[in-house]
Amino acid sequence: MKTEELFEAAQLDALGLLDEKEQAEFEAAFRAASPALREQIRAEQDRFARPERFRLDVTPAADLRSRVIKAVMSDMAQVAGTIRRSHAAGRELPTVHPVRRVSPVWRVATLACATMAIVLAVVTLQQNAQMTSLQVAQGNDRTIDKLVELFGPADLTKAVFSASTNKLVFSPADASVKGDASLFYDKETQSARLLCRNIVTNPNETVRLVATDDSGKIVQIAEFASAGELITKKVDMGGLHPKQLAIYVASRGTDASTGRKIMVCLNA
């Protein structure tokens, strides 16, 4: 179950709207989620299930009903009673009784419906704002989950927060290369994490991360195949200082120096 589907199921679970099969699937996915995600889901369920979120803090005046009825009765009194008219011959016309155009109950019901419409409109606006906020939070969670998957929790913490970690960026060696690559290098441990994408090789070729030592010799640090996907690889610098780093593509079983240079490091 994806994170977005898990949050949708959590909302339905908070309202008791899941059937037995859906409930079992939700509980299984919830147990498999990370502790941070489970905590966020429980907090969202608690917020979503609170009844006060559906209430509008509007209290009608205590004398509203009496004022409405009084206004109706006043209108009726103006036309109530016996109305007598005479024609030219002096003969009396029959009594004309007032016609009640609108029932007081109908007026009160109309006012109640109008008030309910306002309440529902406000609740709808609040719900839309909350759903937008939830979607943004879910997008951020997916991004964080992807970074943790690529780096691992420990390496991600060092890459983001450690002062000893440098980010080294590669640029294409010529305009025909469309790939991207960067290296997160920890000076203290002499270890690094390489990320690259959009580097496509032939079936008999591999990608090589190399460094040039002080004598100009090319030393291979890592080798891997690539079909253009996002690749992350932990590498050991082996005591080499990343002064001159490059990425080569070479045939399998040959030295990196026999291949072609496709990317170079900008800030090593």
# chains A, B, ... in the order shown; residues from 1 in each chain; ligands from 1
call {"tool": "closest_atom_pairs", "arguments": {"of": "stretch 157-181 of chain A", "to": "stretch 249-263 of chain A", "cutoff": "10 Å", "atoms": "only C-alpha atoms", "output": "JSON lines"}}
result
{"residue": "A:Val169", "atom": "CA", "partner": "A:Met263", "partner_atom": "CA", "distance": 9.8}
{"residue": "A:Phe170", "atom": "CA", "partner": "A:Met263", "partner_atom": "CA", "distance": 6.0}
{"residue": "A:Ser171", "atom": "CA", "partner": "A:Met263", "partner_atom": "CA", "distance": 5.4}
{"residue": "A:Pro172", "atom": "CA", "partner": "A:Met263", "partner_atom": "CA", "distance": 4.4}
{"residue": "A:Ala173", "atom": "CA", "partner": "A:Met263", "partner_atom": "CA", "distance": 4.7}
{"residue": "A:Asp174", "atom": "CA", "partner": "A:Ile262", "partner_atom": "CA", "distance": 7.1}
{"residue": "A:Ala175", "atom": "CA", "partner": "A:Ile262", "partner_atom": "CA", "distance": 9.7}
{"residue": "A:Ser176", "atom": "CA", "partner": "A:Ile262", "partner_atom": "CA", "distance": 9.0}
{"residue": "A:Val177", "atom": "CA", "partner": "A:Ile262", "partner_atom": "CA", "distance": 6.5}
{"residue": "A:Lys178", "atom": "CA", "partner": "A:Ile262", "partner_atom": "CA", "distance": 9.4}
{"residue": "A:Gly179", "atom": "CA", "partner": "A:Met263", "partner_atom": "CA", "distance": 8.3}
{"residue": "A:Asp180", "atom": "CA", "partner": "A:Met263", "partner_atom": "CA", "distance": 8.5}
{"residue": "A:Ala181", "atom": "CA", "partner": "A:Met263", "partner_atom": "CA", "distance": 8.2}
call {"tool": "residues_around", "arguments": {"residues": "stretch 223-232 of chain A", "least_positions_apart": "4", "cutoff": "7 Å", "atoms": "only C-alpha atoms", "output": "short mmCIF file (atom, residue, chain, number, x, y, z; two decimals) with C-alpha atoms, in the first residue's frame"}}
result
data_model
loop_
_atom_site.label_atom_id
_atom_site.label_comp_id
_atom_site.auth_asym_id
_atom_site.auth_seq_id
_atom_site.Cartn_x
_atom_site.Cartn_y
_atom_site.Cartn_z
CA LEU A 150 19.08 5.82 -1.60
CA ARG A 193 28.47 8.00 -1.96
CA LEU A 194 28.12 8.43 -5.74
CA LEU A 195 24.76 9.33 -7.33
CA CYS A 196 24.29 9.43 -11.09
CA ARG A 197 21.53 9.22 -13.69
CA ASN A 198 20.94 9.37 -17.46
CA ILE A 199 24.25 7.62 -18.22
CA VAL A 200 23.54 4.98 -20.86
CA THR A 201 26.21 2.43 -21.87
CA THR A 206 30.66 -0.24 -17.82
CA VAL A 207 30.89 3.12 -16.05
CA ARG A 208 34.10 3.84 -14.13
CA LEU A 209 34.68 6.41 -11.38
#
